[in-house]
Structure formats: C-alpha cells, structure tokens
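Chemist: What follows is a structure written as structure tokens; I'll ask about it next.
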Amino acid sequence: MMQPVIRRLSEAVINRIAAGEVIERPAAAVKELVENAIDAGARRITVVLRGGGTERIEIVDDGCGMTPDGLLLAVERHCTSKLADESLVRIATLGFRGEALPSIGAAARLSITSRVRGGDGAWRVRVEGGLLTPPEPASGPDGTRVVVEDLFFATPARRKFLKSARVEGSHAEAVVRRLALAAPGVGFTLRLDERVVFDLPSQDPLARAQAILGAADVDGFIPVEGVRGDLRLEGHVCGPAVTRPSASGQVILVNNRPVVDPVLRTAVRVAYRQLIEFGRHPVVALHLSVPPDQVDVNVHPAKTELRFADEAAVRALVIGSVQRALGAGAGIAGARPVLQGR
C-alpha cells in the first residue's frame, strides 16, 4: 500500500467543507444573515425567500453598513467584527465565527450591497462558487442588502438532499420567527414567494410573543419569572389548554440567543408533564439570562446548542418557575392534571 501523502486543501475546498457544516439548508443561511443584521444594529429587517430559499434569499436591513474594505473582510474566512478580543467567554453577539458569508459564497451566488450610515454611496461585492469579484460602486440606502441565489449550485451533492420548497420554506420561517422573538425592538417583515407571512413593527416582548406564536394563543399567556443565584428566567407560557402536536410553539432564548437545547426543552416538558396529554407540546416564550462565563455557546457550528456550567441549576430554575406560573394561573388557564401514559 502506498504511503498516504498529507497536503493542504485549497481555499475553495475548505470553504465548501465549512459550507456543509454551517449552511446545511436555506434556513441555516437565513439564520446567519438575519443574525448579522441584528448584530449590525438594524431597526428594520426584511426577509424575502423564493423557492423556499433555494432559488433566492434576500435580506435587507438598515444597520450600520460596511465600507469597501469591510466588505472584503466580511467574505474572508474567520474575519469578524463581533469579538473585541481573543476571548471566547463573554460573547454578546449572535454571530462570531466569521464563517457564514464565505461559506455561503462558496456554495452559492452571493451579492452584498452596503452603505455606511451617512456615507457618500454604497458598494457591492460578489462571490460565486468561491470566486470573488472586488467591491464596486453601487446604489443603495444606508444599511446592507444581501442576495443569495442558486444555493448549493457549487455543491450539487448537497442540493439533491434538500426537501421541497414548501418544507425548506417552513424551516426558514421558523428561524425568522425565533429571531424576531429574540429582537422585539426590531421591525420584521417576512415574505415567502408572493405571500407576506408577517409584517411586524417594533414591539414590546409580550406583543411580539403574541404575534409570533399566533393570535389563538393570546388569551392563554401566563407571565413567568424566576431567579436562582446568578440565573434569571422570564417570559410567558400558555396554559395546558393550549398545546400543539410538535415543539414548534416553543421559543427559548439564552442571553437573547434563540436555541434548540435539549436541557431546556426537557425542563419545559417536565414542568408540564402532569398537565398535558402525552404527545402534545406546550407553547412557551422564555428568556434565560446566564452569566457569560457560565455558558459555552461555541459547542455547535450553528450555535443552537449550549453547554451550561451547572445544568442542574438551569433545569431546576426552568421547571420550578414554569410550574409556579402555571399554578398561579390555573384559574385563568384551566390547569388540570392528566393521567400519564395516555
């Protein structure tokens, strides 16, 4: 057998591998781009998807914008404005890895048009299948407009594993809903093909939760608040009369970051275990505040799962706070125990 030879991968191959880890479907690209808009200080974000996001993703924000030099760095791997130093402990932004834009540009046709607030004009940079076109002058308002077309055209093996446009669009919609709930002070518009899914102004957290989780759930909202040491939980939950067949009605934030974390999901399920039928899922909108040095957000490429320094304390806080809220709101929400095993 011949001796294997170790060699460096080309930048194009490295970016395509990263694209497979970070951008596994259109919803992942939408998540990264909307997070960038929120981190840029946007007050209004518009998301437009065609073909579930596989044909076209367009995201427009009125954030701080970027200079031509900033645009070039933005599409270079591991370049970010979101880490003030080399520490990965006190991360206050949604994104920080610096992989999203170059990964998208490696797998799709990416165009970014940006203008800094009060700047003389906008600039545009393009990346198609990893090939960069230098910044050029363009027209555009303050903020940034990102267009992604033909997602995975450069990695067709991944594209063939995507689901239908309807399924991919539903995943992307769920991502935008979670991020809109995480940033209630930002106005959000979401359009899927020709349909306006929602058009929300800047709102207070309760109004945003009501809008995102559905008008039918409004009457059942119960406030939740709890403290355990340095941990703080707040938000709203629906009484056991309001359930869904899946966990799609559960939005959980940790330090303003939407997460799909098994520790938190399990705690919510345990809190409702004696109140809802087996196979049904509660509707909740919860925000857990944790000291940055007690949570690691860097354990998953998509940053949706976390590692807590004290999982037991987190579980106890969520279970206890939700159960107390349900008990206090039993007369309003109709809380009642049900037999297990049904």
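Here, A, B, ... name the chains of the structure tokens in the order displayed, residue numbers run from 1 inside each chain, and ligands are numbered from 1 in the same displayed order.
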So that each row is one residue of region 106-207 of chain A with an atom at most 7 Å from region 252-262 of chain A, can you give its shortest atom pair and the distance in Å to one decimal, using only C-alpha atoms, rows by chain and rising number, as JSON lines?

Modeler:
```
{"residue": "A:Arg178", "atom": "CA", "partner": "A:Pro258", "partner_atom": "CA", "distance": 6.2}
{"residue": "A:Leu179", "atom": "CA", "partner": "A:Pro258", "partner_atom": "CA", "distance": 6.5}
{"residue": "A:Ala182", "atom": "CA", "partner": "A:Asn256", "partner_atom": "CA", "distance": 5.5}
```

Chemist: Write out as a VMD selection string which residues come within 12 Å of Asp204 (chain A) when counting only C-alpha atoms, dropping same-chain ones fewer than 4 positions away.

Modeler: chain A and resid 180 to 187 200 208 to 211 235

Chemist: Just write the chosen residues, C-alpha atoms, as a PDB file, in the first residue's frame.

Modeler:
```pdb
ATOM      1  CA  ALA A 180     -37.974  38.080  15.604  1.00  0.00           C
ATOM      2  CA  LEU A 181     -38.963  36.975  19.090  1.00  0.00           C
ATOM      3  CA  ALA A 182     -35.361  37.412  20.240  1.00  0.00           C
ATOM      4  CA  ALA A 183     -35.293  41.026  18.986  1.00  0.00           C
ATOM      5  CA  PRO A 184     -38.744  42.519  19.661  1.00  0.00           C
ATOM      6  CA  GLY A 185     -37.401  46.051  19.257  1.00  0.00           C
ATOM      7  CA  VAL A 186     -36.609  45.339  15.593  1.00  0.00           C
ATOM      8  CA  GLY A 187     -39.326  45.509  12.954  1.00  0.00           C
ATOM      9  CA  LEU A 200     -44.289  43.444  12.450  1.00  0.00           C
ATOM     10  CA  ARG A 208     -44.080  40.197  19.899  1.00  0.00           C
ATOM     11  CA  ALA A 209     -44.639  36.814  21.561  1.00  0.00           C
ATOM     12  CA  GLN A 210     -48.359  37.070  20.883  1.00  0.00           C
ATOM     13  CA  ALA A 211     -47.731  37.982  17.247  1.00  0.00           C
ATOM     14  CA  GLY A 235     -41.137  35.299  29.668  1.00  0.00           C
TER      15      GLY A 235
END
```

Chemist: Could you pull out the alpha helix (DSSP H) residues of region 93-323 of chain A from DSSP and send them as number ranges by chain?

Modeler: A: 100-107, 156-159, 165-182, 205-213, 262-272, 311-323

Chemist: Can you work out the spacing between CA of Glu225 (chain A) and CA of Asp293 (chain A) in Å, to one decimal?

Modeler: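 Going from CA of Glu225 (chain A) over to CA of Asp293 (chain A), I get 22.2 Å.
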
Chemist: Once DSSP has gone over the backbone, tell me which residues of region 147-233 of chain A are in strand (DSSP E or B), as a list in words.

Modeler: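 Here is the list: Val147, Val148, Glu149, Gly187, Phe188, Thr189, Leu190, Arg191, Leu192, Arg195, Val196, Val197, Phe198, Asp199, Leu200, Phe221, Ile222, Pro223, Val224, Glu225, Gly226, Val227, Arg228, Leu231, Arg232 and Leu233 of chain A.
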
Chemist: I want to know what sits within 9 Å of Glu173 (chain A), based on only C-alpha atoms, with residues of the same chain fewer than 2 positions away left out; could you give that as number ranges by chain?

Modeler: A: 27, 168-171, 175-178, 190, 192, 197

Chemist: Using only C-alpha atoms, which residues sit within 8 Å of Gly121 (chain A) once same-chain residues fewer than 6 positions away are excluded, as a list in words?

Modeler: Arg115, Pro137, Ala138, Ser139 and Gly140 of chain A

Chemist: Find, counting only C-alpha atoms, the residue in A:Thr113, A:Gln3, A:Thr144, A:Ser10 that gets nearest to Ala40 (chain A).

Modeler: A:Thr144

Chemist: For Asp230 (chain A), please output as a PyMOL selection string all residues within 12 Å (counting only C-alpha atoms; exclusion window: fewer than 6 positions along the same chain).

Modeler: chain A and resi 288-295+309-310+313-314+317

Chemist: Please save N, CA, C and O atoms of the selected residues as a CSV table (one decimal), in the first residue's frame.

Modeler:
```csv
chain,number,residue,atom,x,y,z
A,288,LEU,N,-33.8,33.0,29.2
A,288,LEU,CA,-32.9,32.7,30.3
A,288,LEU,C,-31.7,33.6,30.2
A,288,LEU,O,-31.0,33.6,29.2
A,289,SER,N,-31.4,34.3,31.3
A,289,SER,CA,-30.2,35.1,31.4
A,289,SER,C,-29.2,34.4,32.2
A,289,SER,O,-29.4,34.0,33.4
A,290,VAL,N,-28.0,34.2,31.7
A,290,VAL,CA,-26.9,33.4,32.3
A,290,VAL,C,-25.6,34.2,32.3
A,290,VAL,O,-25.3,34.8,31.2
A,291,PRO,N,-24.9,34.3,33.3
A,291,PRO,CA,-23.5,35.0,33.2
A,291,PRO,C,-22.7,34.4,32.1
A,291,PRO,O,-22.7,33.1,32.0
A,292,PRO,N,-22.1,35.2,31.3
A,292,PRO,CA,-21.4,34.6,30.1
A,292,PRO,C,-20.3,33.5,30.5
A,292,PRO,O,-20.1,32.6,29.7
A,293,ASP,N,-19.7,33.6,31.6
A,293,ASP,CA,-18.7,32.6,32.0
A,293,ASP,C,-19.3,31.3,32.5
A,293,ASP,O,-18.6,30.4,32.8
A,294,GLN,N,-20.7,31.2,32.5
A,294,GLN,CA,-21.3,30.0,33.0
A,294,GLN,C,-22.0,29.3,31.8
A,294,GLN,O,-22.8,28.3,32.1
A,295,VAL,N,-21.8,29.7,30.6
A,295,VAL,CA,-22.4,29.1,29.4
A,295,VAL,C,-21.4,29.1,28.3
A,295,VAL,O,-20.8,30.1,28.0
A,309,ALA,N,-22.5,25.5,32.7
A,309,ALA,CA,-21.6,25.1,33.8
A,309,ALA,C,-22.4,24.3,34.9
A,309,ALA,O,-21.8,23.4,35.5
A,310,ASP,N,-23.7,24.7,35.1
A,310,ASP,CA,-24.5,24.0,36.1
A,310,ASP,C,-25.8,23.7,35.5
A,310,ASP,O,-26.8,24.4,35.7
A,313,ALA,N,-28.8,23.4,38.0
A,313,ALA,CA,-29.4,24.7,38.4
A,313,ALA,C,-30.3,25.2,37.3
A,313,ALA,O,-31.4,25.8,37.6
A,314,VAL,N,-29.9,25.1,36.1
A,314,VAL,CA,-30.8,25.6,35.0
A,314,VAL,C,-32.1,24.8,34.9
A,314,VAL,O,-33.1,25.4,34.8
A,317,LEU,N,-34.4,25.8,37.8
A,317,LEU,CA,-35.0,27.1,37.6
A,317,LEU,C,-36.1,27.1,36.6
A,317,LEU,O,-37.2,27.6,36.9
```

Chemist: Between A:Ala107, A:Ile222, A:Val116, A:Val30, which is the closest to Gly63 (chain A) once you count only C-alpha atoms?

Modeler: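 Among the listed residues, A:Val116 lies closest to Gly63 (chain A).
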
Chemist: Just to confirm, what's the straight-line distance from CA of Val34 (chain A) to CA of Gly226 (chain A) in Å (one decimal)?

Modeler: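 A separation of 29.8 Å between them.
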
Chemist: State, in Å with one decimal place, the distance from CA of Ile112 (chain A) to CA of Ile23 (chain A).

Modeler: 17.4 Å

Chemist: Do a neighbour search on region 73-75 of chain A at 10 Å with only C-alpha atoms, toss out local chain neighbours closer than 2 positions, and write the hits as a PDB file with all heavy atoms, in the first residue's frame.

Modeler:
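For reference, result_39.pdb as written:
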```pdb
ATOM      1  N   MET A  66     -21.313  48.675   5.752  1.00  0.00           N
ATOM      2  CA  MET A  66     -19.894  48.339   5.680  1.00  0.00           C
ATOM      3  C   MET A  66     -19.195  49.159   4.612  1.00  0.00           C
ATOM      4  O   MET A  66     -19.789  49.504   3.584  1.00  0.00           O
ATOM      5  CB  MET A  66     -19.711  46.844   5.368  1.00  0.00           C
ATOM      6  CG  MET A  66     -20.099  45.903   6.487  1.00  0.00           C
ATOM      7  SD  MET A  66     -19.946  44.150   6.007  1.00  0.00           S
ATOM      8  CE  MET A  66     -21.466  43.937   5.055  1.00  0.00           C
ATOM      9  N   THR A  67     -17.932  49.427   4.845  1.00  0.00           N
ATOM     10  CA  THR A  67     -17.088  50.096   3.858  1.00  0.00           C
ATOM     11  C   THR A  67     -16.605  49.065   2.837  1.00  0.00           C
ATOM     12  O   THR A  67     -16.750  47.848   3.052  1.00  0.00           O
ATOM     13  CB  THR A  67     -15.871  50.726   4.550  1.00  0.00           C
ATOM     14  OG1 THR A  67     -15.073  49.664   5.127  1.00  0.00           O
ATOM     15  CG2 THR A  67     -16.302  51.696   5.647  1.00  0.00           C
ATOM     16  N   PRO A  68     -15.993  49.500   1.722  1.00  0.00           N
ATOM     17  CA  PRO A  68     -15.442  48.527   0.768  1.00  0.00           C
ATOM     18  C   PRO A  68     -14.436  47.571   1.407  1.00  0.00           C
ATOM     19  O   PRO A  68     -14.460  46.363   1.143  1.00  0.00           O
ATOM     20  CB  PRO A  68     -14.778  49.422  -0.289  1.00  0.00           C
ATOM     21  CG  PRO A  68     -15.528  50.701  -0.219  1.00  0.00           C
ATOM     22  CD  PRO A  68     -15.909  50.872   1.212  1.00  0.00           C
ATOM     23  N   ASP A  69     -13.541  48.089   2.257  1.00  0.00           N
ATOM     24  CA  ASP A  69     -12.591  47.213   2.947  1.00  0.00           C
ATOM     25  C   ASP A  69     -13.305  46.238   3.874  1.00  0.00           C
ATOM     26  O   ASP A  69     -12.919  45.071   3.991  1.00  0.00           O
ATOM     27  CB  ASP A  69     -11.591  48.046   3.743  1.00  0.00           C
ATOM     28  CG  ASP A  69     -10.617  48.809   2.853  1.00  0.00           C
ATOM     29  OD1 ASP A  69     -10.483  48.429   1.667  1.00  0.00           O
ATOM     30  OD2 ASP A  69     -10.026  49.787   3.333  1.00  0.00           O
ATOM     31  N   GLY A  70     -14.369  46.729   4.532  1.00  0.00           N
ATOM     32  CA  GLY A  70     -15.151  45.852   5.397  1.00  0.00           C
ATOM     33  C   GLY A  70     -15.833  44.742   4.623  1.00  0.00           C
ATOM     34  O   GLY A  70     -15.922  43.604   5.089  1.00  0.00           O
ATOM     35  N   LEU A  71     -16.330  45.056   3.422  1.00  0.00           N
ATOM     36  CA  LEU A  71     -16.963  44.042   2.581  1.00  0.00           C
ATOM     37  C   LEU A  71     -15.976  42.937   2.219  1.00  0.00           C
ATOM     38  O   LEU A  71     -16.320  41.749   2.238  1.00  0.00           O
ATOM     39  CB  LEU A  71     -17.523  44.682   1.311  1.00  0.00           C
ATOM     40  CG  LEU A  71     -18.830  45.470   1.458  1.00  0.00           C
ATOM     41  CD1 LEU A  71     -19.127  46.240   0.187  1.00  0.00           C
ATOM     42  CD2 LEU A  71     -19.990  44.532   1.789  1.00  0.00           C
ATOM     43  N   ARG A  77     -12.709  34.120   5.348  1.00  0.00           N
ATOM     44  CA  ARG A  77     -12.948  33.216   6.475  1.00  0.00           C
ATOM     45  C   ARG A  77     -12.303  33.729   7.752  1.00  0.00           C
ATOM     46  O   ARG A  77     -11.195  34.273   7.755  1.00  0.00           O
ATOM     47  CB  ARG A  77     -12.407  31.810   6.182  1.00  0.00           C
ATOM     48  CG  ARG A  77     -13.197  31.051   5.141  1.00  0.00           C
ATOM     49  CD  ARG A  77     -12.782  29.599   5.107  1.00  0.00           C
ATOM     50  NE  ARG A  77     -13.319  28.875   6.247  1.00  0.00           N
ATOM     51  CZ  ARG A  77     -12.630  27.977   6.941  1.00  0.00           C
ATOM     52  NH1 ARG A  77     -11.369  27.732   6.661  1.00  0.00           N
ATOM     53  NH2 ARG A  77     -13.187  27.335   7.938  1.00  0.00           N
ATOM     54  N   HIS A  78     -13.045  33.537   8.845  1.00  0.00           N
ATOM     55  CA  HIS A  78     -12.574  33.856  10.194  1.00  0.00           C
ATOM     56  C   HIS A  78     -12.237  35.326  10.365  1.00  0.00           C
ATOM     57  O   HIS A  78     -11.321  35.677  11.115  1.00  0.00           O
ATOM     58  CB  HIS A  78     -11.365  32.983  10.567  1.00  0.00           C
ATOM     59  CG  HIS A  78     -11.633  31.514  10.438  1.00  0.00           C
ATOM     60  ND1 HIS A  78     -12.747  30.905  10.958  1.00  0.00           N
ATOM     61  CD2 HIS A  78     -10.938  30.526   9.813  1.00  0.00           C
ATOM     62  CE1 HIS A  78     -12.731  29.617  10.686  1.00  0.00           C
ATOM     63  NE2 HIS A  78     -11.644  29.360   9.984  1.00  0.00           N
ATOM     64  N   CYS A  79     -12.979  36.175   9.677  1.00  0.00           N
ATOM     65  CA  CYS A  79     -12.905  37.616   9.913  1.00  0.00           C
ATOM     66  C   CYS A  79     -14.239  38.046  10.506  1.00  0.00           C
ATOM     67  O   CYS A  79     -15.301  37.697   9.981  1.00  0.00           O
ATOM     68  CB  CYS A  79     -12.644  38.376   8.616  1.00  0.00           C
ATOM     69  SG  CYS A  79     -11.006  38.113   7.922  1.00  0.00           S
ATOM     70  N   THR A  80     -14.197  38.762  11.611  1.00  0.00           N
ATOM     71  CA  THR A  80     -15.431  39.152  12.283  1.00  0.00           C
ATOM     72  C   THR A  80     -15.244  40.463  13.019  1.00  0.00           C
ATOM     73  O   THR A  80     -14.134  40.792  13.457  1.00  0.00           O
ATOM     74  CB  THR A  80     -15.894  38.057  13.273  1.00  0.00           C
ATOM     75  OG1 THR A  80     -17.116  38.459  13.891  1.00  0.00           O
ATOM     76  CG2 THR A  80     -14.843  37.811  14.345  1.00  0.00           C
ATOM     77  N   SER A  81     -16.330  41.206  13.136  1.00  0.00           N
ATOM     78  CA  SER A  81     -16.328  42.444  13.924  1.00  0.00           C
ATOM     79  C   SER A  81     -16.925  42.206  15.302  1.00  0.00           C
ATOM     80  O   SER A  81     -17.111  43.151  16.071  1.00  0.00           O
ATOM     81  CB  SER A  81     -17.159  43.514  13.199  1.00  0.00           C
ATOM     82  OG  SER A  81     -18.509  43.095  13.086  1.00  0.00           O
ATOM     83  N   GLY A  98     -17.261  34.012  11.978  1.00  0.00           N
ATOM     84  CA  GLY A  98     -16.683  34.532  10.754  1.00  0.00           C
ATOM     85  C   GLY A  98     -16.655  33.532   9.617  1.00  0.00           C
ATOM     86  O   GLY A  98     -15.812  33.612   8.728  1.00  0.00           O
ATOM     87  N   GLU A  99     -17.572  32.553   9.642  1.00  0.00           N
ATOM     88  CA  GLU A  99     -17.611  31.524   8.598  1.00  0.00           C
ATOM     89  C   GLU A  99     -18.816  31.619   7.685  1.00  0.00           C
ATOM     90  O   GLU A  99     -18.802  31.074   6.584  1.00  0.00           O
ATOM     91  CB  GLU A  99     -17.613  30.129   9.239  1.00  0.00           C
ATOM     92  CG  GLU A  99     -16.319  29.723   9.904  1.00  0.00           C
ATOM     93  CD  GLU A  99     -16.385  28.303  10.431  1.00  0.00           C
ATOM     94  OE1 GLU A  99     -17.413  27.952  11.030  1.00  0.00           O
ATOM     95  OE2 GLU A  99     -15.431  27.550  10.245  1.00  0.00           O
ATOM     96  N   ALA A 100     -19.865  32.315   8.092  1.00  0.00           N
ATOM     97  CA  ALA A 100     -21.136  32.251   7.379  1.00  0.00           C
ATOM     98  C   ALA A 100     -21.034  32.802   5.957  1.00  0.00           C
ATOM     99  O   ALA A 100     -21.367  32.111   4.981  1.00  0.00           O
ATOM    100  CB  ALA A 100     -22.212  32.991   8.162  1.00  0.00           C
ATOM    101  N   LEU A 101     -20.589  34.052   5.791  1.00  0.00           N
ATOM    102  CA  LEU A 101     -20.566  34.661   4.468  1.00  0.00           C
ATOM    103  C   LEU A 101     -19.627  33.936   3.502  1.00  0.00           C
ATOM    104  O   LEU A 101     -20.025  33.649   2.366  1.00  0.00           O
ATOM    105  CB  LEU A 101     -20.229  36.144   4.576  1.00  0.00           C
ATOM    106  CG  LEU A 101     -21.330  37.020   5.201  1.00  0.00           C
ATOM    107  CD1 LEU A 101     -20.851  38.455   5.353  1.00  0.00           C
ATOM    108  CD2 LEU A 101     -22.592  36.984   4.353  1.00  0.00           C
ATOM    109  N   PRO A 102     -18.377  33.635   3.882  1.00  0.00           N
ATOM    110  CA  PRO A 102     -17.545  32.876   2.934  1.00  0.00           C
ATOM    111  C   PRO A 102     -18.099  31.490   2.638  1.00  0.00           C
ATOM    112  O   PRO A 102     -17.951  30.986   1.521  1.00  0.00           O
ATOM    113  CB  PRO A 102     -16.174  32.804   3.634  1.00  0.00           C
ATOM    114  CG  PRO A 102     -16.420  33.147   5.052  1.00  0.00           C
ATOM    115  CD  PRO A 102     -17.612  34.052   5.068  1.00  0.00           C
ATOM    116  N   SER A 103     -18.766  30.867   3.608  1.00  0.00           N
ATOM    117  CA  SER A 103     -19.369  29.552   3.363  1.00  0.00           C
ATOM    118  C   SER A 103     -20.513  29.661   2.367  1.00  0.00           C
ATOM    119  O   SER A 103     -20.642  28.832   1.465  1.00  0.00           O
ATOM    120  CB  SER A 103     -19.866  28.946   4.679  1.00  0.00           C
ATOM    121  OG  SER A 103     -18.799  28.696   5.561  1.00  0.00           O
ATOM    122  N   ILE A 104     -21.345  30.684   2.528  1.00  0.00           N
ATOM    123  CA  ILE A 104     -22.443  30.891   1.576  1.00  0.00           C
ATOM    124  C   ILE A 104     -21.877  31.212   0.199  1.00  0.00           C
ATOM    125  O   ILE A 104     -22.341  30.694  -0.828  1.00  0.00           O
ATOM    126  CB  ILE A 104     -23.363  32.022   2.062  1.00  0.00           C
ATOM    127  CG1 ILE A 104     -24.074  31.610   3.355  1.00  0.00           C
ATOM    128  CG2 ILE A 104     -24.399  32.384   0.992  1.00  0.00           C
ATOM    129  CD1 ILE A 104     -24.835  32.730   4.030  1.00  0.00           C
ATOM    130  N   GLY A 105     -20.864  32.077   0.139  1.00  0.00           N
ATOM    131  CA  GLY A 105     -20.260  32.430  -1.135  1.00  0.00           C
ATOM    132  C   GLY A 105     -19.589  31.257  -1.823  1.00  0.00           C
ATOM    133  O   GLY A 105     -19.463  31.241  -3.045  1.00  0.00           O
ATOM    134  N   ALA A 106     -19.153  30.264  -1.055  1.00  0.00           N
ATOM    135  CA  ALA A 106     -18.531  29.076  -1.639  1.00  0.00           C
ATOM    136  C   ALA A 106     -19.551  28.139  -2.256  1.00  0.00           C
ATOM    137  O   ALA A 106     -19.218  27.354  -3.147  1.00  0.00           O
ATOM    138  CB  ALA A 106     -17.719  28.339  -0.582  1.00  0.00           C
ATOM    139  N   LEU A 110     -23.452  34.873  -4.234  1.00  0.00           N
ATOM    140  CA  LEU A 110     -23.662  35.828  -3.141  1.00  0.00           C
ATOM    141  C   LEU A 110     -23.359  37.237  -3.603  1.00  0.00           C
ATOM    142  O   LEU A 110     -22.319  37.488  -4.226  1.00  0.00           O
ATOM    143  CB  LEU A 110     -22.760  35.455  -1.963  1.00  0.00           C
ATOM    144  CG  LEU A 110     -22.660  36.442  -0.794  1.00  0.00           C
ATOM    145  CD1 LEU A 110     -23.999  36.541  -0.060  1.00  0.00           C
ATOM    146  CD2 LEU A 110     -21.551  36.025   0.161  1.00  0.00           C
ATOM    147  N   ILE A 112     -23.479  41.266  -1.931  1.00  0.00           N
ATOM    148  CA  ILE A 112     -23.684  42.111  -0.751  1.00  0.00           C
ATOM    149  C   ILE A 112     -23.521  43.566  -1.171  1.00  0.00           C
ATOM    150  O   ILE A 112     -22.466  43.957  -1.673  1.00  0.00           O
ATOM    151  CB  ILE A 112     -22.676  41.791   0.370  1.00  0.00           C
ATOM    152  CG1 ILE A 112     -22.656  40.299   0.678  1.00  0.00           C
ATOM    153  CG2 ILE A 112     -23.023  42.581   1.625  1.00  0.00           C
ATOM    154  CD1 ILE A 112     -21.576  39.905   1.676  1.00  0.00           C
ATOM    155  N   VAL A 125     -20.099  43.774  -3.379  1.00  0.00           N
ATOM    156  CA  VAL A 125     -19.115  42.719  -3.595  1.00  0.00           C
ATOM    157  C   VAL A 125     -19.874  41.449  -3.970  1.00  0.00           C
ATOM    158  O   VAL A 125     -20.989  41.211  -3.480  1.00  0.00           O
ATOM    159  CB  VAL A 125     -18.245  42.497  -2.339  1.00  0.00           C
ATOM    160  CG1 VAL A 125     -19.077  41.946  -1.181  1.00  0.00           C
ATOM    161  CG2 VAL A 125     -17.075  41.581  -2.636  1.00  0.00           C
ATOM    162  N   ARG A 126     -19.288  40.636  -4.849  1.00  0.00           N
ATOM    163  CA  ARG A 126     -19.921  39.390  -5.283  1.00  0.00           C
ATOM    164  C   ARG A 126     -18.962  38.219  -5.070  1.00  0.00           C
ATOM    165  O   ARG A 126     -17.750  38.352  -5.285  1.00  0.00           O
ATOM    166  CB  ARG A 126     -20.306  39.453  -6.758  1.00  0.00           C
ATOM    167  CG  ARG A 126     -21.430  40.432  -7.086  1.00  0.00           C
ATOM    168  CD  ARG A 126     -21.812  40.285  -8.565  1.00  0.00           C
ATOM    169  NE  ARG A 126     -22.956  41.117  -8.921  1.00  0.00           N
ATOM    170  CZ  ARG A 126     -22.856  42.348  -9.383  1.00  0.00           C
ATOM    171  NH1 ARG A 126     -21.662  42.901  -9.544  1.00  0.00           N
ATOM    172  NH2 ARG A 126     -23.941  43.028  -9.695  1.00  0.00           N
ATOM    173  N   VAL A 127     -19.537  37.089  -4.652  1.00  0.00           N
ATOM    174  CA  VAL A 127     -18.783  35.843  -4.538  1.00  0.00           C
ATOM    175  C   VAL A 127     -19.659  34.749  -5.142  1.00  0.00           C
ATOM    176  O   VAL A 127     -20.792  34.538  -4.701  1.00  0.00           O
ATOM    177  CB  VAL A 127     -18.449  35.493  -3.075  1.00  0.00           C
ATOM    178  CG1 VAL A 127     -17.538  34.266  -3.029  1.00  0.00           C
ATOM    179  CG2 VAL A 127     -17.795  36.661  -2.369  1.00  0.00           C
ATOM    180  N   GLY A 130     -17.181  30.639  -4.634  1.00  0.00           N
ATOM    181  CA  GLY A 130     -15.870  30.889  -4.071  1.00  0.00           C
ATOM    182  C   GLY A 130     -15.033  31.882  -4.836  1.00  0.00           C
ATOM    183  O   GLY A 130     -13.950  32.268  -4.380  1.00  0.00           O
ATOM    184  N   LEU A 132     -14.265  35.526  -6.021  1.00  0.00           N
ATOM    185  CA  LEU A 132     -14.556  36.867  -5.525  1.00  0.00           C
ATOM    186  C   LEU A 132     -14.406  37.908  -6.618  1.00  0.00           C
ATOM    187  O   LEU A 132     -13.413  37.920  -7.347  1.00  0.00           O
ATOM    188  CB  LEU A 132     -13.609  37.192  -4.362  1.00  0.00           C
ATOM    189  CG  LEU A 132     -13.619  38.624  -3.831  1.00  0.00           C
ATOM    190  CD1 LEU A 132     -14.957  38.959  -3.197  1.00  0.00           C
ATOM    191  CD2 LEU A 132     -12.478  38.824  -2.834  1.00  0.00           C
TER     192      LEU A 132
END
```
